[in-house]
>>> print(open('run.txt').read())   # compact mmCIF, C-alpha atoms
# COMPACT_ATOMS: atom_id res chain seq x y z
CA MET A 3 -5.18 23.82 31.43
CA ASN A 4 -1.62 22.75 31.26
CA ARG A 5 -1.97 19.51 29.28
CA ARG A 6 0.53 19.07 26.51
CA GLY A 7 -0.18 18.45 22.80
CA LEU A 8 0.58 15.30 20.83
CA SER A 9 4.10 13.96 21.02
CA LEU A 10 5.92 12.61 17.96
CA ILE A 11 5.24 9.00 18.89
CA GLU A 12 1.54 9.74 19.41
CA MET A 13 1.38 11.47 16.05
CA THR A 14 3.14 8.52 14.39
CA ILE A 15 0.72 6.04 15.94
CA ALA A 16 -2.26 8.20 14.92
CA ILE A 17 -0.99 8.48 11.34
CA GLY A 18 -0.32 4.74 11.28
CA ILE A 19 -3.84 3.91 12.47
CA THR A 20 -5.35 6.36 9.98
CA ALA A 21 -3.29 4.83 7.18
CA VAL A 22 -4.40 1.28 8.09
CA ILE A 23 -8.07 2.33 8.28
CA GLY A 24 -7.71 4.29 5.04
CA LEU A 25 -6.18 1.31 3.26
CA ALA A 26 -8.87 -1.02 4.60
CA ILE A 27 -11.63 1.31 3.41
CA ALA A 28 -9.95 1.78 0.02
CA SER A 29 -9.59 -1.97 -0.54
CA MET A 30 -13.16 -2.54 0.60
CA MET A 31 -14.39 0.10 -1.85
CA ALA A 32 -12.30 -1.40 -4.65
CA ALA A 33 -13.73 -4.86 -3.94
CA ALA A 34 -17.25 -3.46 -3.79
CA THR A 35 -16.80 -1.56 -7.06
CA ASN A 36 -15.38 -4.64 -8.76
CA SER A 37 -18.21 -6.76 -7.47
CA LEU A 38 -20.77 -4.17 -8.57
CA ALA A 39 -19.24 -4.02 -12.04
CA SER A 40 -19.32 -7.82 -12.26
CA LYS A 41 -22.95 -7.95 -11.15
CA ASP A 42 -23.82 -5.15 -13.55
CA ASP A 43 -22.20 -7.20 -16.30
CA GLY A 44 -24.32 -10.18 -15.28
CA ARG A 45 -27.44 -8.06 -15.32
CA GLN A 46 -26.55 -6.76 -18.79
CA SER A 47 -26.21 -10.36 -19.95
CA ALA A 48 -29.63 -11.12 -18.50
CA ILE A 49 -31.09 -8.13 -20.33
CA ARG A 50 -29.44 -9.32 -23.55
CA LEU A 51 -30.98 -12.73 -22.98
CA ALA A 52 -34.43 -11.15 -22.67
CA THR A 53 -33.77 -9.03 -25.78
CA THR A 54 -32.74 -12.16 -27.69
CA GLN A 55 -36.00 -13.84 -26.71
CA VAL A 56 -38.05 -10.87 -27.88
CA ARG A 57 -36.17 -10.53 -31.17
CA LEU A 58 -36.32 -14.23 -31.99
CA GLY A 59 -39.96 -14.33 -30.98
CA ALA A 60 -40.71 -11.51 -33.41
CA TYR A 61 -39.66 -13.77 -36.28
CA ILE A 62 -40.60 -17.24 -35.03
CA ALA A 63 -44.02 -16.65 -33.41
CA PRO A 64 -45.78 -15.01 -36.39
CA SER A 65 -44.19 -17.32 -39.00
CA ASN A 66 -46.36 -19.74 -40.93
CA CYS A 67 -43.95 -22.64 -40.61
CA LEU A 68 -40.37 -23.80 -40.50
CA LEU A 69 -39.09 -24.76 -43.94
CA ASP A 70 -35.63 -26.03 -43.18
CA LYS A 71 -33.26 -26.60 -40.28
CA ALA A 72 -29.51 -26.82 -40.60
CA ASN A 73 -26.82 -26.83 -37.90
CA GLU A 74 -26.52 -23.08 -37.77
CA MET A 75 -29.57 -21.95 -39.68
CA LEU A 76 -33.34 -21.99 -39.52
CA THR A 77 -35.45 -21.11 -42.54
CA PHE A 78 -38.97 -19.83 -41.98
CA TRP A 79 -41.92 -19.16 -44.22
CA PHE A 80 -42.57 -15.83 -42.56
CA ASN A 81 -45.83 -14.84 -44.23
CA ASP A 82 -47.91 -15.35 -47.34
CA ILE A 83 -47.99 -11.79 -48.67
CA ASN A 84 -48.67 -13.08 -52.17
CA GLU A 85 -51.65 -15.10 -50.83
CA SER A 86 -50.69 -18.00 -53.03
CA ASN A 87 -50.56 -20.60 -50.24
CA SER A 88 -47.09 -21.40 -51.55
CA VAL A 89 -43.67 -20.12 -50.58
CA ASN A 90 -42.20 -17.28 -52.61
CA ILE A 91 -38.63 -16.32 -51.96
CA ASP A 92 -39.57 -12.83 -50.66
CA GLU A 93 -41.61 -14.55 -47.92
CA VAL A 94 -38.64 -16.47 -46.54
CA ARG A 95 -36.58 -15.49 -43.49
CA TRP A 96 -33.28 -17.17 -42.69
CA ILE A 97 -32.15 -17.02 -39.06
CA GLN A 98 -28.45 -17.78 -39.19
CA TYR A 99 -25.74 -18.08 -36.58
CA ASP A 100 -22.29 -17.10 -37.80
CA SER A 101 -19.64 -18.57 -35.51
CA ALA A 102 -16.90 -16.44 -37.10
CA SER A 103 -18.54 -13.10 -36.34
CA LYS A 104 -20.40 -14.54 -33.32
CA THR A 105 -23.66 -13.04 -34.50
CA LEU A 106 -27.20 -14.28 -34.92
CA SER A 107 -28.88 -12.54 -37.80
CA VAL A 108 -31.97 -12.64 -39.90
CA LYS A 109 -31.67 -12.52 -43.66
CA PHE A 110 -34.31 -11.86 -46.26
CA VAL A 111 -34.56 -11.08 -49.95
CA ASN A 112 -34.68 -7.42 -50.83
CA PHE A 113 -34.99 -6.66 -54.53
CA PRO A 114 -33.83 -3.28 -55.84
CA ASP A 115 -36.45 -0.53 -55.65
CA ASP A 116 -35.96 0.44 -59.29
CA TRP A 117 -36.98 -2.96 -60.58
CA THR A 118 -40.06 -3.20 -62.78
CA PRO A 119 -42.92 -5.49 -61.67
CA GLN A 120 -41.91 -7.92 -64.44
CA MET A 121 -38.33 -8.13 -63.14
CA PHE A 122 -39.66 -8.61 -59.62
CA GLU A 123 -42.09 -11.35 -60.76
CA SER A 124 -39.40 -13.31 -62.54
CA ALA A 125 -36.92 -13.07 -59.66
CA ASN A 126 -39.45 -13.84 -56.93
CA ILE A 127 -39.31 -17.57 -57.51
CA GLU A 128 -41.78 -20.01 -56.02
CA CYS A 129 -40.26 -22.68 -53.80
CA ASN A 130 -41.36 -26.26 -53.26
CA SER A 131 -40.49 -29.27 -51.13
CA LEU A 132 -37.32 -29.89 -53.17
CA THR A 133 -35.93 -26.38 -52.73
CA ASP A 134 -32.52 -26.16 -51.11
CA TYR A 135 -32.92 -23.01 -49.05
CA SER A 136 -29.24 -22.80 -48.03
CA GLN A 137 -28.16 -22.87 -51.64
CA LEU A 138 -30.84 -20.37 -52.55
CA LEU A 139 -29.57 -18.02 -49.87
CA GLU A 140 -26.02 -18.29 -51.21
CA GLU A 141 -27.20 -17.51 -54.74
CA PHE A 142 -29.15 -14.45 -53.68
CA GLU A 143 -26.25 -13.28 -51.53
CA LEU A 144 -23.96 -13.51 -54.56
CA ASN A 145 -26.39 -11.27 -56.44
CA ASN A 146 -26.54 -8.81 -53.53
CA HIS A 147 -30.26 -9.30 -53.07
CA ILE A 148 -30.05 -10.25 -49.41
CA GLU A 149 -30.65 -7.85 -46.55
CA LYS A 150 -29.18 -8.78 -43.20
CA ILE A 151 -30.26 -7.60 -39.75
CA THR A 152 -28.19 -8.60 -36.75
CA LEU A 153 -30.40 -9.85 -33.94
CA VAL A 154 -27.72 -10.64 -31.36
CA ASP A 155 -23.98 -10.08 -31.32
CA SER A 156 -21.22 -11.56 -29.13
CA MET A 157 -22.97 -14.93 -29.15
CA THR A 158 -20.35 -17.59 -28.52
CA ASN A 159 -22.34 -20.66 -29.47
CA CYS A 160 -25.79 -21.50 -30.72
CA LYS A 161 -27.70 -24.73 -31.22
CA PHE A 162 -31.19 -25.27 -32.60
CA TRP A 163 -33.83 -27.93 -31.93
CA THR A 164 -37.36 -28.43 -33.19
CA ASN A 165 -40.21 -30.46 -31.71
CA ASN A 166 -40.69 -32.48 -34.90
CA ILE A 167 -38.15 -34.20 -37.18
CA ASN A 168 -40.27 -33.16 -40.13
CA THR A 169 -39.46 -29.46 -40.11
CA LEU A 170 -42.64 -28.52 -41.96
CA GLU A 171 -44.66 -29.96 -39.10
CA ALA A 172 -42.53 -28.44 -36.32
CA THR A 173 -44.38 -25.93 -34.18
CA GLN A 174 -41.68 -25.15 -31.65
CA VAL A 175 -38.06 -24.11 -31.84
CA SER A 176 -35.55 -24.30 -28.99
CA ILE A 177 -32.34 -22.31 -29.09
CA ARG A 178 -29.49 -22.86 -26.67
CA PHE A 179 -26.75 -20.26 -26.65
CA SER A 180 -24.25 -18.38 -24.54
CA LEU A 181 -23.26 -14.74 -24.66
CA GLU A 182 -19.88 -13.10 -24.39
CA SER A 183 -19.46 -10.38 -21.80
CA VAL A 184 -16.74 -8.22 -20.31
CA TYR A 185 -16.23 -10.70 -17.48
CA GLY A 186 -16.13 -13.72 -19.77
CA GLU A 187 -18.65 -16.03 -21.34
CA THR A 188 -22.03 -16.50 -19.68
CA LYS A 189 -23.34 -19.99 -19.00
CA ASP A 190 -25.80 -21.25 -21.58
CA ALA A 191 -29.37 -20.09 -21.74
CA ILE A 192 -32.26 -21.71 -23.56
CA ILE A 193 -35.21 -20.10 -25.29
CA ASP A 194 -38.27 -21.95 -26.53
CA GLU A 195 -40.51 -20.19 -29.00
CA GLY A 196 -43.58 -21.52 -30.74
CA ILE A 197 -45.12 -20.82 -34.12
CA ARG A 198 -48.48 -19.44 -33.04
CA LEU A 199 -50.62 -20.22 -36.10
CA HIS A 200 -48.92 -23.03 -37.91
CA GLN A 201 -49.66 -23.28 -41.63
CA SER A 202 -47.74 -25.44 -44.09
CA PRO A 203 -47.47 -24.48 -47.77
CA SER A 204 -49.63 -26.36 -50.27
CA ASP A 205 -46.49 -27.99 -51.68
CA MET B 7 14.64 44.54 29.07
CA VAL B 8 11.86 42.63 30.63
CA PRO B 9 12.38 38.92 30.24
CA LYS B 10 9.67 37.20 28.28
CA GLU B 11 7.40 35.27 30.55
CA TYR B 12 7.53 31.58 29.88
CA LYS B 13 4.14 30.44 28.78
CA GLN B 14 3.04 26.90 29.46
CA PRO B 15 1.40 25.30 26.39
CA THR B 16 -2.34 25.27 26.88
CA LYS B 17 -3.36 22.89 24.02
CA ARG B 18 -4.36 19.54 25.35
CA GLY B 19 -4.25 16.07 23.63
CA VAL B 20 -7.16 13.91 22.49
CA ALA B 21 -9.25 12.65 25.36
CA LEU B 22 -10.59 9.10 25.50
CA LEU B 23 -14.15 10.33 25.01
CA GLU B 24 -13.18 12.28 21.88
CA ALA B 25 -11.32 9.32 20.48
CA MET B 26 -14.35 7.10 21.12
CA ILE B 27 -16.70 9.57 19.44
CA ALA B 28 -14.39 9.80 16.43
CA THR B 29 -14.14 6.00 16.19
CA GLY B 30 -17.93 5.72 16.50
CA ILE B 31 -18.53 8.22 13.71
CA LEU B 32 -16.03 6.44 11.49
CA SER B 33 -17.55 3.01 12.21
CA TYR B 34 -21.05 4.32 11.57
CA SER B 35 -19.98 5.85 8.24
CA VAL B 36 -18.24 2.65 7.12
CA LEU B 37 -21.26 0.57 8.15
CA ALA B 38 -23.66 2.89 6.33
CA ILE B 39 -21.60 2.80 3.13
CA SER B 40 -21.16 -0.99 3.34
CA SER B 41 -24.86 -1.63 3.86
CA ALA B 42 -25.71 0.66 0.94
CA ILE B 43 -23.30 -1.26 -1.30
CA ILE B 44 -24.65 -4.64 -0.13
CA ALA B 45 -28.23 -3.50 -0.68
CA GLY B 46 -27.31 -2.33 -4.19
CA GLN B 47 -25.69 -5.66 -4.96
CA LYS B 48 -28.69 -7.59 -3.66
CA GLN B 49 -30.97 -5.49 -5.81
CA SER B 50 -28.77 -6.10 -8.83
CA VAL B 51 -28.81 -9.87 -8.29
CA GLU B 52 -32.57 -9.76 -7.73
CA ALA B 53 -33.08 -7.85 -10.98
CA ARG B 54 -30.89 -10.31 -12.87
CA ASN B 55 -32.71 -13.33 -11.44
CA THR B 56 -36.08 -11.79 -12.24
CA ILE B 57 -35.10 -11.19 -15.87
CA VAL B 58 -33.78 -14.74 -16.31
CA ALA B 59 -36.84 -16.13 -14.51
CA SER B 60 -39.14 -14.18 -16.85
CA VAL B 61 -37.40 -15.62 -19.90
CA ALA B 62 -37.55 -19.12 -18.40
CA ALA B 63 -41.27 -18.74 -17.64
CA GLU B 64 -42.07 -17.37 -21.11
CA SER B 65 -40.13 -20.22 -22.70
CA LEU B 66 -42.06 -22.91 -20.87
CA LEU B 67 -45.36 -21.11 -21.49
CA SER B 68 -44.53 -21.08 -25.17
CA ALA B 69 -43.88 -24.84 -25.09
CA VAL B 70 -47.15 -25.56 -23.25
CA ALA B 71 -49.12 -23.34 -25.63
CA GLN B 72 -47.96 -25.52 -28.56
CA GLU B 73 -49.63 -28.53 -27.01
CA GLU B 74 -52.84 -29.91 -28.53
CA TRP B 75 -55.92 -28.50 -26.80
CA GLU B 76 -56.94 -31.97 -25.54
CA SER B 77 -53.61 -32.58 -23.79
CA ILE B 78 -52.93 -29.13 -22.32
CA ASP B 79 -54.53 -30.31 -19.08
CA SER B 80 -51.80 -32.92 -18.67
CA TRP B 81 -49.33 -30.10 -18.01
CA HIS B 82 -51.14 -29.13 -14.82
CA GLY B 83 -48.79 -29.66 -11.90
CA TYR B 84 -45.73 -30.14 -14.11
CA THR B 85 -42.68 -28.99 -12.14
CA GLU B 86 -39.02 -28.61 -12.94
CA ASP B 87 -37.17 -28.30 -9.65
CA ILE B 88 -34.04 -26.22 -9.10
CA GLY B 89 -31.30 -27.40 -11.46
CA GLU B 90 -33.65 -29.55 -13.54
CA ILE B 91 -34.07 -27.23 -16.52
CA SER B 92 -32.48 -28.90 -19.52
CA ASP B 93 -32.35 -28.51 -23.29
CA PRO B 94 -34.23 -30.87 -25.67
CA GLY B 95 -31.04 -32.96 -25.84
CA GLY B 96 -31.28 -33.60 -22.09
CA MET B 97 -28.24 -31.50 -21.18
CA PRO B 98 -28.87 -29.37 -18.08
CA VAL B 99 -28.76 -25.61 -18.51
CA GLU B 100 -26.27 -24.21 -16.02
CA GLY B 101 -25.49 -20.74 -14.68
CA ASP B 102 -28.43 -18.50 -13.81
CA TRP B 103 -30.87 -21.19 -14.97
CA SER B 104 -29.61 -23.72 -12.44
CA VAL B 105 -30.98 -21.68 -9.54
CA ILE B 106 -34.49 -21.42 -10.97
CA GLY B 107 -37.39 -23.86 -10.85
CA ARG B 108 -40.60 -23.76 -12.92
CA THR B 109 -44.10 -25.02 -12.36
CA VAL B 110 -47.22 -25.08 -14.55
CA ALA B 111 -50.85 -24.65 -13.55
CA VAL B 112 -53.75 -25.04 -15.97
CA SER B 113 -57.21 -23.81 -15.04
CA GLU B 114 -60.55 -23.75 -16.87
CA THR B 115 -61.44 -20.16 -17.72
CA ASP B 116 -64.46 -18.48 -19.29
CA LEU B 117 -63.76 -15.15 -20.85
CA PHE B 118 -66.25 -12.52 -21.95
CA ILE B 119 -64.94 -9.88 -24.32
CA GLU B 120 -67.25 -6.95 -23.84
CA GLN B 121 -66.18 -4.94 -26.88
CA LEU B 122 -66.91 -7.84 -29.21
CA GLN B 123 -69.77 -9.25 -27.12
CA ILE B 124 -68.34 -12.75 -27.38
CA PHE B 125 -67.96 -15.45 -24.81
CA LEU B 126 -64.90 -17.70 -24.95
CA ILE B 127 -64.32 -20.97 -23.18
CA GLY B 128 -60.72 -21.89 -22.67
CA ARG B 129 -57.89 -22.59 -20.32
CA THR B 130 -55.46 -20.29 -18.61
CA VAL B 131 -51.93 -21.58 -18.44
CA THR B 132 -49.83 -20.12 -15.65
CA VAL B 133 -46.11 -20.69 -15.42
CA THR B 134 -44.48 -19.71 -12.15
CA THR B 135 -40.77 -19.59 -11.50
CA PHE B 136 -39.27 -19.91 -8.04
CA ASP B 137 -35.85 -19.78 -6.40
CA ASN B 138 -34.12 -22.25 -4.09
CA THR B 139 -36.03 -20.93 -1.07
CA GLY B 140 -39.32 -21.56 -2.85
CA ARG B 141 -39.98 -17.85 -3.24
CA GLU B 142 -41.94 -16.94 -6.36
CA LEU B 143 -39.84 -14.95 -8.84
CA THR B 144 -42.21 -14.42 -11.75
CA SER B 145 -45.54 -15.65 -12.97
CA VAL B 146 -46.84 -15.46 -16.54
CA HIS B 147 -50.31 -16.32 -17.79
CA ARG B 148 -51.81 -17.04 -21.19
CA PHE B 149 -55.43 -17.69 -22.06
CA ILE B 150 -55.81 -20.42 -24.69
CA PRO B 151 -59.32 -20.56 -26.18
CA GLU B 152 -60.96 -23.87 -26.97
CA PRO B 153 -60.62 -24.33 -30.77
CA GLN B 154 -64.39 -24.56 -31.41
CA SER B 155 -65.24 -21.92 -28.79
>>> encode(input="run.txt", output="structure tokens")
Amino acid sequence: MNRRGLSLIEMTIAIGITAVIGLAIASMMAAATNSLASKDDGRQSAIRLATTQVRLGAYIAPSNCLLDKANEMLTFWFNDINESNSVNIDEVRWIQYDSASKTLSVKFVNFPDDWTPQMFESANIECNSLTDYSQLLEEFELNNHIEKITLVDSMTNCKFWTNNINTLEATQVSIRFSLESVYGETKDAIIDEGIRLHQSPSD
Amino acid sequence: MVPKEYKQPTKRGVALLEAMIATGILSYSVLAISSAIIAGQKQSVEARNTIVASVAAESLLSAVAQEEWESIDSWHGYTEDIGEISDPGGMPVEGDWSVIGRTVAVSETDLFIEQLQIFLIGRTVTVTTFDNTGRELTSVHRFIPEPQS
């Protein structure tokens, strides 16, 4: 065998071709990674959507009825633990969207554990058709008797509908919202949830 | 001093066959990696669509279940085609929801609960979601007993 090795020009061409192929593969990988990350972000948003449905359903479906609907708040008579067929303040759940913190949370009254039954009885007021639930919430918040649980965060907008103008008779709630993600804001999603066993208070 | 014998270089260059084999291996590797990435992406999109479709189906099922017993039947055959899902204000829901359609089927069902030894008459509501090729994405069912059953 007397064949020669690679000349300088051959080596240069080989290195050039390798560099072009290498760059092409690297850019392809970068595009693929970016696309994967974007799709993963989309999937996370979808999972958050499903989580939102489950969390909202956990409060809406078992509620007795809707007491009040405001632009960014729904007030539910969650249960009748006092078995009075009327709404006591400890049976109320407020589902509130806060556009400043971009969170959807549920709020409820939580009296101090060291209270006597008499103190509890006097504070656990009975509501009626004239009760202003938004004002009531503000008052209890001022007294630090409100517990707040965040249901969803990074929610960029939220709008509520009911299937009846008379909120006490409404049996279904629709919520349209969009979520914030790493790759920007998702398009809106809509969740419908029904009150399974509707029951209005006696007054 | 014996002069050093000039030795002809014996190392040869890359033959055409070798170059072709190398190119083939490289192409095969790139193709394999690309197809794996594409398959992963498809799976990711599929998973995302399935989740959104499940939520969409559950939402509609929830709306149908709120209907009076007498009028539940009227939902049978109700269909929202691709891009027709809208909010109660009539505004279409875009994004992932615009590539999903929903259809409702209501069927008469008799259910016997063995543990309780009771027989229930009712209707099963089925909400099916589909994509723009008509392929079924998800299907959810709920049995709604007749009130006096």
>>> atom_distance(input="run.txt", atom1="CA of Met30 (chain A)", atom2="CA of Ser40 (chain B)")
8.6 Å
>>> closest_residue(input="run.txt", among="A:Ala125, A:Ala28, A:Ala48, A:Ile15", to="chain B", atoms="all atoms listed in the file")
A:Ala48
>>> interface_residues(input="run.txt", of="chain B", to="chain A", cutoff="10 Å", atoms="all atoms listed in the file", output="MDAnalysis selection string")
chainID B and resid 13:20 32 36 39:40 43:44 46:73 91:95 98:104
>>> residues_around(input="run.txt", residues="region 101-111 of chain A", least_positions_apart="5", cutoff="6 Å", atoms="all atoms listed in the file", output="PyMOL selection string")
chain A and resi 92+95-96+147-158
>>> closest_residue(input="run.txt", among="A:Leu181, A:Ile19, A:Leu170, A:Val94", to="Leu138 (chain A)", atoms="all atoms listed in the file")
A:Val94
>>> atom_distance(input="run.txt", atom1="CA of Glu86 (chain B)", atom2="CA of Glu74 (chain B)")
20.9 Å
>>> atom_distance(input="run.txt", atom1="CA of Ile119 (chain B)", atom2="CA of Cys67 (chain A)")
29.5 Å
>>> closest_residue(input="run.txt", among="B:Leu126, B:Ala42, B:Ala111, B:Val133", to="Pro153 (chain B)", atoms="all atoms listed in the file")
B:Leu126
>>> residues_around(input="run.txt", residues="Ser80 (chain B)", least_positions_apart="2", cutoff="10 Å", atoms="only C-alpha atoms", output="list in words")
Val70, Glu73, Glu76, Ser77, Ile78, His82, Gly83, Tyr84, Val110, Ala111 and Val112 of chain B
>>> closest_residue(input="run.txt", among="A:Ile91, A:Ser86, A:Pro203, A:Ala33", to="Glu141 (chain A)", atoms="all atoms listed in the file")
A:Ile91
>>> axis_aligned_box(input="run.txt", around="region 57-63 of chain B", padding_each_side="6 Å", output="JSON")
{"center_x": -37.5, "center_y": -15.2, "center_z": -17.2, "size_x": 19.5, "size_y": 19.9, "size_z": 17.4}
